[in-house]
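Engineer: See work.tsv below, with TSV, C-alpha atoms.
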chain	number	residue	atom	x	y	z
H	1	MET	CA	-10.38	-2.86	164.68
H	2	LYS	CA	-7.39	-1.80	166.63
H	3	LEU	CA	-5.61	1.31	165.42
H	4	THR	CA	-1.90	1.56	165.37
H	5	LYS	CA	-0.11	4.33	167.18
H	6	SER	CA	0.76	6.11	163.94
H	7	GLN	CA	-2.87	5.86	162.73
H	8	ILE	CA	-4.07	7.45	165.97
H	9	LYS	CA	-1.49	10.20	165.56
H	10	GLN	CA	-2.62	10.77	161.99
H	11	ILE	CA	-6.31	10.99	163.01
H	12	ILE	CA	-5.52	13.44	165.79
H	13	LYS	CA	-3.38	15.54	163.44
H	14	GLU	CA	-6.16	15.64	160.82
H	15	GLU	CA	-8.73	16.53	163.46
H	16	LEU	CA	-6.51	19.28	164.79
H	17	ASP	CA	-5.90	20.65	161.31
H	18	THR	CA	-9.65	20.72	160.68
H	19	VAL	CA	-10.33	22.57	163.94
H	20	MET	CA	-7.54	25.06	163.26
H	21	ARG	CA	-8.84	25.67	159.74
H	22	GLU	CA	-12.35	26.22	161.07
H	23	ILE	CA	-11.06	28.72	163.62
H	24	GLU	CA	-9.10	30.58	160.97
H	25	GLU	CA	-12.02	30.63	158.56
H	26	GLU	CA	-14.52	31.68	161.21
H	27	PRO	CA	-15.93	35.03	160.17
H	28	ALA	CA	-14.76	37.93	162.32
H	29	GLU	CA	-17.19	38.92	164.99
H	30	GLU	CA	-19.72	41.24	163.42
H	31	VAL	CA	-18.99	44.76	164.53
H	32	GLY	CA	-21.46	47.59	164.39
H	33	GLY	CA	-19.71	50.80	163.50
H	34	PHE	CA	-21.46	53.91	162.27
H	35	SER	CA	-24.32	53.39	159.83
H	36	ASP	CA	-25.09	55.41	156.72
H	37	ALA	CA	-27.86	57.11	158.69
H	38	ASP	CA	-25.30	58.09	161.37
H	39	MET	CA	-23.14	59.56	158.60
H	40	GLU	CA	-26.04	61.65	157.29
H	41	THR	CA	-26.73	63.03	160.77
H	42	ALA	CA	-23.01	63.71	161.15
H	43	GLU	CA	-23.00	65.60	157.85
H	44	GLU	CA	-25.77	67.87	159.13
H	45	GLU	CA	-23.90	68.45	162.41
H	46	LEU	CA	-20.75	69.26	160.48
H	47	MET	CA	-22.40	71.71	158.07
H	48	ARG	CA	-24.26	73.40	160.94
H	49	LYS	CA	-21.04	73.90	162.87
H	50	LEU	CA	-19.16	75.04	159.80
H	51	ALA	CA	-21.81	77.67	159.08
H	52	GLU	CA	-21.14	79.31	162.45
H	53	PRO	CA	-18.32	81.81	162.87
H	54	ALA	CA	-15.11	80.25	164.20
H	55	HIS	CA	-15.69	81.88	167.61
H	56	GLY	CA	-19.14	80.31	167.86
H	57	ARG	CA	-22.66	81.65	167.56
U	1	MET	CA	-25.56	88.94	141.41
U	2	GLU	CA	-22.60	90.62	139.75
U	3	LEU	CA	-19.62	91.55	141.82
U	4	ASP	CA	-18.43	95.14	141.92
U	5	LYS	CA	-14.68	94.55	141.54
U	6	LYS	CA	-13.70	98.13	142.34
U	7	ALA	CA	-15.67	97.98	145.57
U	8	LEU	CA	-14.01	94.65	146.39
U	9	ALA	CA	-10.57	96.14	145.71
U	10	VAL	CA	-11.32	99.01	148.10
U	11	ALA	CA	-12.53	96.51	150.74
U	12	ARG	CA	-9.28	94.52	150.49
U	13	LEU	CA	-7.16	97.66	150.61
U	14	THR	CA	-9.10	98.97	153.60
U	15	ALA	CA	-8.52	95.71	155.49
U	16	ALA	CA	-4.80	96.11	154.73
U	17	ILE	CA	-4.76	99.79	155.75
U	18	TRP	CA	-6.21	98.85	159.16
U	19	GLU	CA	-3.16	96.65	159.72
U	20	TRP	CA	-0.75	99.46	158.85
U	21	ASP	CA	1.09	101.13	161.71
U	22	PRO	CA	1.68	104.78	160.69
U	23	ARG	CA	3.96	105.18	163.76
U	24	GLY	CA	2.18	108.32	164.89
U	25	TYR	CA	2.40	109.94	168.35
U	26	SER	CA	-0.53	108.02	169.76
U	27	ALA	CA	-3.13	105.38	168.99
U	28	ILE	CA	-5.59	108.18	168.18
U	29	ALA	CA	-3.10	109.80	165.77
U	30	ASN	CA	-2.55	106.43	164.08
U	31	SER	CA	-6.26	105.86	163.77
U	32	LEU	CA	-6.67	109.33	162.28
U	33	GLN	CA	-4.00	108.65	159.66
U	34	ARG	CA	-5.63	105.36	158.70
U	35	ASN	CA	-9.00	107.09	158.44
U	36	GLN	CA	-7.57	109.78	156.20
U	37	ALA	CA	-5.94	107.17	153.96
U	38	ILE	CA	-9.21	105.24	153.65
U	39	LYS	CA	-11.12	108.45	152.92
U	40	THR	CA	-8.66	109.31	150.13
U	41	LEU	CA	-9.00	105.78	148.75
U	42	VAL	CA	-12.82	105.88	148.79
U	43	ASP	CA	-13.01	109.39	147.27
U	44	GLN	CA	-10.57	108.57	144.48
U	45	ALA	CA	-11.44	104.95	143.71
U	46	ILE	CA	-15.23	104.82	144.10
U	47	PRO	CA	-16.62	108.35	143.73
U	48	ASP	CA	-19.90	106.98	142.39
U	49	GLU	CA	-22.74	106.33	144.82
U	50	LYS	CA	-23.58	102.90	143.37
U	51	SER	CA	-20.14	101.46	144.15
U	52	LYS	CA	-20.30	102.95	147.64
U	53	GLN	CA	-23.66	101.26	148.22
U	54	ASN	CA	-22.29	97.96	146.91
U	55	LEU	CA	-19.33	98.21	149.27
U	56	ILE	CA	-21.60	99.07	152.21
U	57	LYS	CA	-23.67	95.94	151.50
U	58	MET	CA	-20.50	93.80	151.41
U	59	ILE	CA	-19.31	95.14	154.75
U	60	LEU	CA	-22.74	94.72	156.36
U	61	ALA	CA	-22.99	91.12	155.10
U	62	MET	CA	-19.57	90.33	156.60
U	63	VAL	CA	-20.57	91.99	159.89
U	64	LEU	CA	-23.79	89.97	160.15
U	65	LEU	CA	-21.91	86.70	159.54
U	66	THR	CA	-19.13	87.45	162.01
U	67	SER	CA	-21.01	89.20	164.81
U	68	GLY	CA	-24.72	89.15	163.97
U	69	SER	CA	-27.20	86.30	164.30
U	70	VAL	CA	-25.81	83.54	162.06
U	71	ALA	CA	-29.09	81.60	162.23
U	72	THR	CA	-30.91	84.65	160.84
U	73	VAL	CA	-28.30	85.08	158.09
U	74	ARG	CA	-29.07	81.52	157.03
U	75	ASN	CA	-32.83	82.02	157.43
U	76	PRO	CA	-33.89	85.70	157.37
U	77	ASP	CA	-37.53	84.67	157.96
U	78	GLY	CA	-36.48	83.87	161.52
U	79	PHE	CA	-35.74	87.57	162.11
U	80	SER	CA	-37.17	88.77	165.41
U	81	GLU	CA	-38.64	92.28	165.43
U	82	LYS	CA	-38.52	92.19	169.24
U	83	LYS	CA	-34.76	91.61	169.34
U	84	LYS	CA	-33.82	94.38	166.95
U	85	THR	CA	-30.42	95.89	167.59
U	86	ARG	CA	-28.40	98.75	166.15
U	87	TRP	CA	-25.48	98.33	163.79
U	88	SER	CA	-23.29	100.29	166.18
U	89	HIS	CA	-23.71	97.51	168.78
U	90	ILE	CA	-22.14	94.82	166.63
U	91	LEU	CA	-19.60	96.77	164.60
U	92	SER	CA	-15.88	96.77	165.21
U	93	ASP	CA	-14.31	100.23	165.47
U	94	PRO	CA	-12.58	99.93	162.07
U	95	ALA	CA	-15.80	98.77	160.36
U	96	SER	CA	-17.73	101.55	162.06
U	97	GLU	CA	-15.22	104.16	160.87
U	98	PHE	CA	-15.19	102.71	157.37
U	99	LEU	CA	-18.99	102.73	157.12
U	100	LYS	CA	-19.11	106.33	158.33
U	101	ILE	CA	-16.64	107.31	155.57
U	102	LEU	CA	-18.94	105.57	153.10
U	103	GLY	CA	-21.85	107.60	154.48
U	104	PHE	CA	-23.72	104.77	156.22
U	105	PRO	CA	-25.70	105.71	159.36
U	106	THR	CA	-24.35	103.16	161.87
U	107	TYR	CA	-26.95	104.15	164.49
U	108	GLU	CA	-29.71	102.56	162.39
U	109	LEU	CA	-31.50	99.38	163.45
U	110	ILE	CA	-30.65	96.14	161.67
U	111	THR	CA	-33.59	94.99	159.56
U	112	LYS	CA	-34.82	91.70	158.16
U	113	GLN	CA	-33.91	93.05	154.71
U	114	ASP	CA	-30.28	93.48	155.87
U	115	TYR	CA	-30.18	89.78	156.75
U	116	ALA	CA	-31.79	88.88	153.41
U	117	ASN	CA	-29.14	90.98	151.62
U	118	ALA	CA	-26.39	89.24	153.57
U	119	LYS	CA	-27.75	85.80	152.71
U	120	GLN	CA	-27.79	86.77	149.02
U	121	LEU	CA	-24.39	88.47	149.04
U	122	LEU	CA	-22.20	86.15	151.15
U	123	PRO	CA	-21.94	83.38	148.52
U	124	VAL	CA	-20.83	86.04	146.01
U	125	VAL	CA	-18.30	87.95	148.11
U	126	GLY	CA	-16.98	84.75	149.72
U	127	ASN	CA	-16.34	83.31	146.27
U	128	SER	CA	-14.88	86.55	144.92
U	129	SER	CA	-11.49	86.57	143.33
U	130	ILE	CA	-9.52	89.59	142.19
U	131	LEU	CA	-5.95	89.79	140.98
U	132	GLN	CA	-3.36	91.43	143.17
U	133	GLY	CA	-2.41	93.62	140.17
U	134	GLU	CA	-6.00	94.85	139.79
U	135	VAL	CA	-6.15	95.86	143.44
U	136	TYR	CA	-2.75	97.49	143.25
U	137	THR	CA	-3.88	99.51	140.23
U	138	VAL	CA	-6.78	100.87	142.27
U	139	PHE	CA	-4.32	101.70	145.04
U	140	SER	CA	-1.91	103.46	142.63
U	141	LYS	CA	-4.65	105.44	140.91
U	142	SER	CA	-5.91	106.71	144.26
U	143	GLY	CA	-2.62	108.60	144.65
U	144	LEU	CA	-2.03	107.00	148.07
U	145	PRO	CA	1.44	105.55	147.29
U	146	GLY	CA	2.74	109.10	146.71
U	147	LYS	CA	0.85	110.68	149.61
U	148	ARG	CA	1.61	107.91	152.11
U	149	PRO	CA	4.86	106.16	151.15
U	150	THR	CA	5.05	104.24	154.42
U	151	LEU	CA	1.66	102.69	153.65
U	152	ALA	CA	2.83	101.72	150.15
U	153	SER	CA	5.98	100.22	151.61
U	154	PHE	CA	3.90	98.36	154.24
U	155	ILE	CA	1.73	96.79	151.53
U	156	ASP	CA	4.67	96.06	149.20
U	157	GLN	CA	6.79	94.36	151.81
U	158	GLY	CA	4.11	92.27	153.46
U	159	ARG	CA	3.61	88.57	152.98
U	160	GLU	CA	1.27	88.13	150.00
U	161	LYS	CA	1.14	91.95	149.84
U	162	ARG	CA	-1.09	92.03	152.94
U	163	GLY	CA	-3.62	89.80	151.21
U	164	ILE	CA	-4.78	92.40	148.70
U	165	GLY	CA	-4.75	89.65	146.07
U	166	GLY	CA	-6.18	87.09	148.50
U	167	TYR	CA	-4.57	84.18	150.36
U	168	GLU	CA	-3.19	80.93	148.98
U	169	MET	CA	-4.02	78.92	152.10
U	170	LEU	CA	-6.98	79.26	154.45
U	171	HIS	CA	-7.75	77.32	157.60
U	172	ARG	CA	-10.70	76.51	159.82
U	173	GLY	CA	-10.72	74.93	163.26
U	174	LEU	CA	-13.71	73.05	164.68
U	175	SER	CA	-14.01	71.51	168.12
U	176	GLY	CA	-16.49	69.63	170.25
U	177	MET	CA	-17.55	67.49	167.27
U	178	SER	CA	-18.95	63.98	167.70
U	179	ASP	CA	-17.05	60.80	166.76
U	180	ALA	CA	-19.56	60.32	163.94
U	181	VAL	CA	-18.48	63.66	162.44
U	182	VAL	CA	-14.84	62.54	162.61
U	183	ALA	CA	-15.83	59.39	160.70
U	184	ARG	CA	-17.72	61.51	158.15
U	185	LEU	CA	-14.62	63.68	157.66
U	186	THR	CA	-12.68	60.65	156.45
U	187	ASN	CA	-15.09	60.20	153.53
U	188	LEU	CA	-13.06	61.96	150.83
U	189	SER	CA	-15.39	61.04	147.99
U	190	LYS	CA	-17.94	63.70	148.83
U	191	PRO	CA	-17.25	67.40	148.06
U	192	TRP	CA	-18.42	69.94	150.61
U	193	ASN	CA	-20.86	72.61	149.61
U	194	MET	CA	-19.60	75.73	151.37
U	195	MET	CA	-21.34	78.12	149.00
U	196	ARG	CA	-23.27	79.88	151.77
U	197	GLY	CA	-20.10	81.50	153.03
U	198	VAL	CA	-18.05	80.22	155.95
U	199	SER	CA	-15.60	81.78	158.31
U	200	THR	CA	-11.95	80.80	157.74
U	201	SER	CA	-8.63	82.25	158.87
U	202	ARG	CA	-5.46	83.14	157.01
U	203	ASP	CA	-3.61	82.17	160.21
U	204	GLU	CA	-3.18	78.45	160.84
U	205	GLY	CA	-2.35	79.08	164.49
U	206	SER	CA	-5.64	80.88	165.06
U	207	ALA	CA	-7.59	78.04	163.40
U	208	LYS	CA	-5.68	75.49	165.52
U	209	GLY	CA	-6.70	77.47	168.59
U	210	PHE	CA	-10.37	77.04	167.68
U	211	ALA	CA	-9.81	73.36	166.94
U	212	HIS	CA	-8.67	72.94	170.55
U	213	LYS	CA	-11.08	75.41	172.14
U	214	HIS	CA	-13.97	73.24	173.31
U	215	GLY	CA	-12.68	69.91	174.53
U	216	PRO	CA	-11.61	66.86	172.57
U	217	ASN	CA	-12.18	65.83	168.95
U	218	HIS	CA	-10.11	68.53	167.37
U	219	VAL	CA	-10.66	69.24	163.69
U	220	LEU	CA	-8.43	71.41	161.51
U	221	LEU	CA	-9.28	72.04	157.86
U	222	SER	CA	-6.50	73.41	155.66
U	223	LEU	CA	-7.56	74.55	152.22
U	224	LYS	CA	-5.46	75.48	149.23
U	225	ASN	CA	-7.02	78.48	147.59
U	226	PRO	CA	-5.43	78.68	144.11
U	227	LYS	CA	-7.86	81.33	142.88
U	228	LYS	CA	-7.36	83.27	146.12
U	229	ARG	CA	-11.06	83.56	146.75
U	230	GLY	CA	-12.59	85.18	149.78
U	231	PHE	CA	-13.55	88.41	151.47
U	232	ASN	CA	-10.88	89.69	153.84
U	233	ALA	CA	-12.71	90.57	157.04
U	234	LEU	CA	-9.45	90.72	159.08
U	235	GLY	CA	-9.46	93.83	161.30
U	236	LEU	CA	-12.87	94.92	160.02
U	237	SER	CA	-14.42	92.03	161.93
U	238	LYS	CA	-15.27	92.48	165.59
U	239	TYR	CA	-13.09	89.42	166.15
U	240	GLY	CA	-10.04	90.83	164.38
U	241	LYS	CA	-7.60	88.48	166.12
U	242	GLU	CA	-9.15	85.60	164.23
U	243	GLU	CA	-7.70	87.07	161.01
U	244	GLU	CA	-10.89	86.06	159.33
U	245	VAL	CA	-11.57	85.55	155.63
U	246	VAL	CA	-15.16	84.83	154.56
U	247	LEU	CA	-14.96	82.03	152.02
U	248	SER	CA	-17.50	80.32	149.82
U	249	GLY	CA	-17.14	77.59	147.23
U	250	ILE	CA	-16.99	73.85	146.82
U	251	ALA	CA	-14.29	72.22	148.94
U	252	LYS	CA	-12.70	68.92	148.03
U	253	PHE	CA	-10.44	67.19	150.52
U	254	ASP	CA	-7.85	64.67	149.35
U	255	SER	CA	-5.90	63.66	152.43
U	256	TYR	CA	-6.03	63.61	156.22
U	257	GLN	CA	-4.15	62.59	159.32
U	258	LEU	CA	-6.27	61.19	162.12
U	259	THR	CA	-5.21	60.01	165.58
U	260	PHE	CA	-7.48	58.52	168.24
U	261	TYR	CA	-7.10	56.15	171.18
U	262	ALA	CA	-8.51	52.75	172.13
U	263	SER	CA	-8.29	50.12	174.87
U	264	ALA	CA	-8.10	46.32	174.57
U	265	GLU	CA	-10.96	44.34	176.09
U	266	GLU	CA	-8.47	41.57	176.95
U	267	GLU	CA	-6.43	43.98	179.10
U	268	LYS	CA	-9.36	45.26	181.17
U	269	GLY	CA	-8.39	45.36	184.82
U	270	ASP	CA	-4.78	44.52	183.99
U	271	ARG	CA	-2.45	46.93	185.74
U	272	ASN	CA	-0.01	46.58	182.86
U	273	ALA	CA	-2.68	47.52	180.34
U	274	LYS	CA	-1.54	49.91	177.65
U	275	GLU	CA	-3.47	52.41	175.62
U	276	TYR	CA	-3.59	51.75	171.87
U	277	VAL	CA	-2.86	54.72	169.58
U	278	ILE	CA	-4.60	54.48	166.22
U	279	GLN	CA	-3.30	56.62	163.37
U	280	VAL	CA	-5.15	56.66	160.08
U	281	SER	CA	-4.63	58.47	156.80
U	282	GLN	CA	-6.33	58.07	153.43
U	283	SER	CA	-3.84	55.31	152.60
U	284	MET	CA	-2.67	53.81	155.89
U	285	VAL	CA	-3.68	52.43	159.29
U	286	PHE	CA	-1.05	52.19	161.99
U	287	ILE	CA	-1.67	51.01	165.54
U	288	ARG	CA	0.72	51.24	168.48
U	289	ARG	CA	0.35	49.56	171.86
U	290	GLY	CA	1.93	52.17	174.10
U	291	TYR	CA	5.12	53.01	172.24
U	292	MET	CA	5.40	49.67	170.46
U	293	PRO	CA	4.16	49.18	166.89
U	294	PHE	CA	1.32	46.64	166.92
U	295	TYR	CA	-0.30	46.70	163.49
U	296	GLY	CA	0.28	48.41	160.16
U	297	GLU	CA	-1.46	48.44	156.81
U	298	GLU	CA	-0.09	50.61	154.01
U	299	HIS	CA	-1.18	51.48	150.48
U	300	GLN	CA	-4.85	50.93	151.12
U	301	SER	CA	-7.61	52.79	149.32
U	302	PRO	CA	-9.29	55.90	150.84
U	303	GLU	CA	-12.57	53.94	150.87
U	304	LYS	CA	-10.98	51.17	152.96
U	305	SER	CA	-9.54	53.71	155.39
U	306	HIS	CA	-12.96	55.37	155.71
U	307	GLU	CA	-14.69	52.04	156.33
U	308	PHE	CA	-12.09	51.23	158.99
U	309	VAL	CA	-12.66	54.56	160.76
U	310	LYS	CA	-16.46	54.17	160.60
U	311	LYS	CA	-16.11	50.91	162.51
U	312	ALA	CA	-13.17	51.65	164.75
U	313	ILE	CA	-14.13	55.07	166.11
U	314	SER	CA	-17.78	54.18	166.76
U	315	GLY	CA	-17.10	52.73	170.21
U	316	ASP	CA	-18.12	49.23	169.09
U	317	PRO	CA	-15.51	46.49	169.62
U	318	PHE	CA	-13.35	45.47	166.66
U	319	LYS	CA	-10.68	42.81	166.32
U	320	VAL	CA	-7.16	43.46	165.18
U	321	THR	CA	-4.47	40.85	164.54
U	322	GLY	CA	-1.11	42.29	165.46
U	323	LYS	CA	2.06	41.63	163.49
U	324	SER	CA	3.01	39.01	166.10
U	325	GLY	CA	-0.23	37.11	165.41
U	326	LEU	CA	-1.84	38.23	168.66
U	327	VAL	CA	-5.53	39.06	168.24
U	328	VAL	CA	-6.98	41.83	170.40
U	329	THR	CA	-10.44	43.29	170.67
U	330	LEU	CA	-10.19	47.06	170.71
U	331	ARG	CA	-12.79	49.61	171.69
U	332	ALA	CA	-12.19	53.30	170.89
U	333	ASN	CA	-12.05	55.67	173.82
U	334	PRO	CA	-14.79	58.24	173.16
U	335	THR	CA	-13.98	61.68	171.72
U	336	THR	CA	-10.21	61.41	171.67
U	337	ALA	CA	-9.72	62.26	168.00
U	338	ASP	CA	-7.45	64.82	166.43
U	339	ILE	CA	-7.81	65.18	162.66
U	340	THR	CA	-6.29	67.52	160.08
U	341	LEU	CA	-7.76	67.53	156.58
U	342	PHE	CA	-6.06	68.93	153.51
U	343	GLY	CA	-7.98	70.03	150.46
U	344	GLU	CA	-8.71	72.72	147.95
U	345	ILE	CA	-11.47	75.23	147.36
U	346	GLU	CA	-12.91	75.37	143.85
Re-express the file's structure as structure tokens.
Structural biologist:
Amino acid sequence: MKLTKSQIKQIIKEELDTVMREIEEEPAEEVGGFSDADMETAEEELMRKLAEPAHGR
Amino acid sequence: MELDKKALAVARLTAAIWEWDPRGYSAIANSLQRNQAIKTLVDQAIPDEKSKQNLIKMILAMVLLTSGSVATVRNPDGFSEKKKTRWSHILSDPASEFLKILGFPTYELITKQDYANAKQLLPVVGNSSILQGEVYTVFSKSGLPGKRPTLASFIDQGREKRGIGGYEMLHRGLSGMSDAVVARLTNLSKPWNMMRGVSTSRDEGSAKGFAHKHGPNHVLLSLKNPKKRGFNALGLSKYGKEEEVVLSGIAKFDSYQLTFYASAEEEKGDRNAKEYVIQVSQSMVFIRRGYMPFYGEEHQSPEKSHEFVKKAISGDPFKVTGKSGLVVTLRANPTTADITLFGEIE
């Protein structure tokens, strides 16, 4: 079956739309960031520092 | 432990008297006049031995927090008998003079019991609150306003009456903190337990100085103090310039302004690369590329801002779509943060 020029254009357009949609919907690259455990350690560091006089130990 | 309000009033007045300039002929003459005023105050306001002992304990607790071993204040069992030192070695001149007036032998060695007393007393004195009027009544009844009118005028005309009723705002600077601590600071949902007694300053400039003292990641905490809690160490501390107030209580922060810097992975090696400036508050994220606005998100929840900071400041890459549609992968430059938190002490 021979496709007409407009059919080819339509197929390409649909294919492009699909690819673009997939790119847009692709989940963002998973980033690490600080964990809850990091936050707990940070809390200890913060409270330790806060307990010292402003001029240091 | 119950607070001796009269003793606290005398402590606040003494801190104020040490800031008074009697305009005598010399520094020694000035010091003498201050000493005489404090002696009059002590004799008239707290003639009983129990109040004097309570006041001595308050002063000693403040001294151990500000110039003693803080680790031993927190854990008196760690007291080292081998490293015993004398009170006179860690006292400021004003505190030394004050303690002598109260009859305390400053040549004595500091004991483990002194640290245990301090640990017990700091949460109480740091959380203490006394009305300006109550302190002024103690001052009036001592007869000092009549005997030393320039002192009365000094206290009357000062900002917040020289702090005799406490201070409405207190500040604390912290520096050299990790990026993880900066991320923790943006979690506003968690109150801070500062009941053990922490060092703050009535002077924002002094606290800012400490925030910038040891390298990057500057932290400034500004606390409203509606009940005017705290023990005015001020000139009685060996570090009088810090204008220190020992404070204890539960702190709750409700807003912040954070700035840190990042670079785009896509611009690595590009001589036209620009630094990205990331500004975050409890309700907003704003990113500039150089001087040009790149991304902005307003009216977001404090939780969302905190989650953003946890990711963005960690040093791990994160993607941002700019307002032009351009997507960049940013990576925070380590320890470049400057954060000011605003809250209130309960």
Engineer: Kindly provide, as a list in words, the residues of chain H having any atom no farther than 9 Å from an atom of chain U, counting only C-alpha atoms.
Structural biologist: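 Written out as asked, the residues are Ala28, Glu29, Glu30, Val31, Gly32, Gly33, Phe34, Ser35, Asp38, Met39, Glu40, Thr41, Ala42, Glu43, Glu45, Leu46, Met47, Lys49, Leu50, Ala51, Glu52, Pro53, Ala54, His55 and Arg57 of chain H.
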Engineer: Rounded to one decimal place, report the atom CA of U:Ala95-atom CA of U:Leu221 distance in Å.
Structural biologist: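 Distance reported for this atom pair: 27.6 Å.
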Engineer: What's the separation between atom CA of U:Ile287 and atom CA of U:Ala262, in Å to one decimal place?
Structural biologist: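 Computing it gives 9.7 Å between the two atoms.
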Engineer: Which distance in Å separates atom CA of U:Leu170 and atom CA of U:Ala9, to one decimal?
Structural biologist: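 Answer for the atom CA of U:Leu170 to atom CA of U:Ala9 separation: 19.3 Å.
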Engineer: Env of stretch 40-52 of chain U: 8 Å cut, atoms = only C-alpha atoms, seq-sep filter 4 positions within chain, self excluded. Answer as a compact mmCIF listing (two decimals) with C-alpha atoms, in the coordinates of the input.
Structural biologist:
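around-v9.txt was written with the following content:
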# COMPACT_ATOMS: atom_id res chain seq x y z
CA ASP U 4 -18.43 95.14 141.92
CA LYS U 6 -13.70 98.13 142.34
CA ALA U 7 -15.67 97.98 145.57
CA VAL U 10 -11.32 99.01 148.10
CA GLN U 36 -7.57 109.78 156.20
CA ILE U 56 -21.60 99.07 152.21
CA ILE U 101 -16.64 107.31 155.57
CA LEU U 102 -18.94 105.57 153.10
CA VAL U 138 -6.78 100.87 142.27
CA PHE U 139 -4.32 101.70 145.04
CA LYS U 141 -4.65 105.44 140.91
CA SER U 142 -5.91 106.71 144.26
CA GLY U 143 -2.62 108.60 144.65
CA LEU U 144 -2.03 107.00 148.07
Engineer: Identify which of the residues U:Met169, U:Ile130, U:Ile59, U:Ala118 lies closest to U:Thr106, counting only C-alpha atoms when measuring atom-to-atom distances.
Structural biologist: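 Closest to U:Thr106 of all the choices is U:Ile59.
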Engineer: From the list U:Arg271, U:Lys147, U:Arg331, U:His171, which residue is nearest U:Gln33 when using all atoms listed in the file?
Structural biologist: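 Counting all atoms listed in the file, the residue closest to U:Gln33 is U:Lys147.
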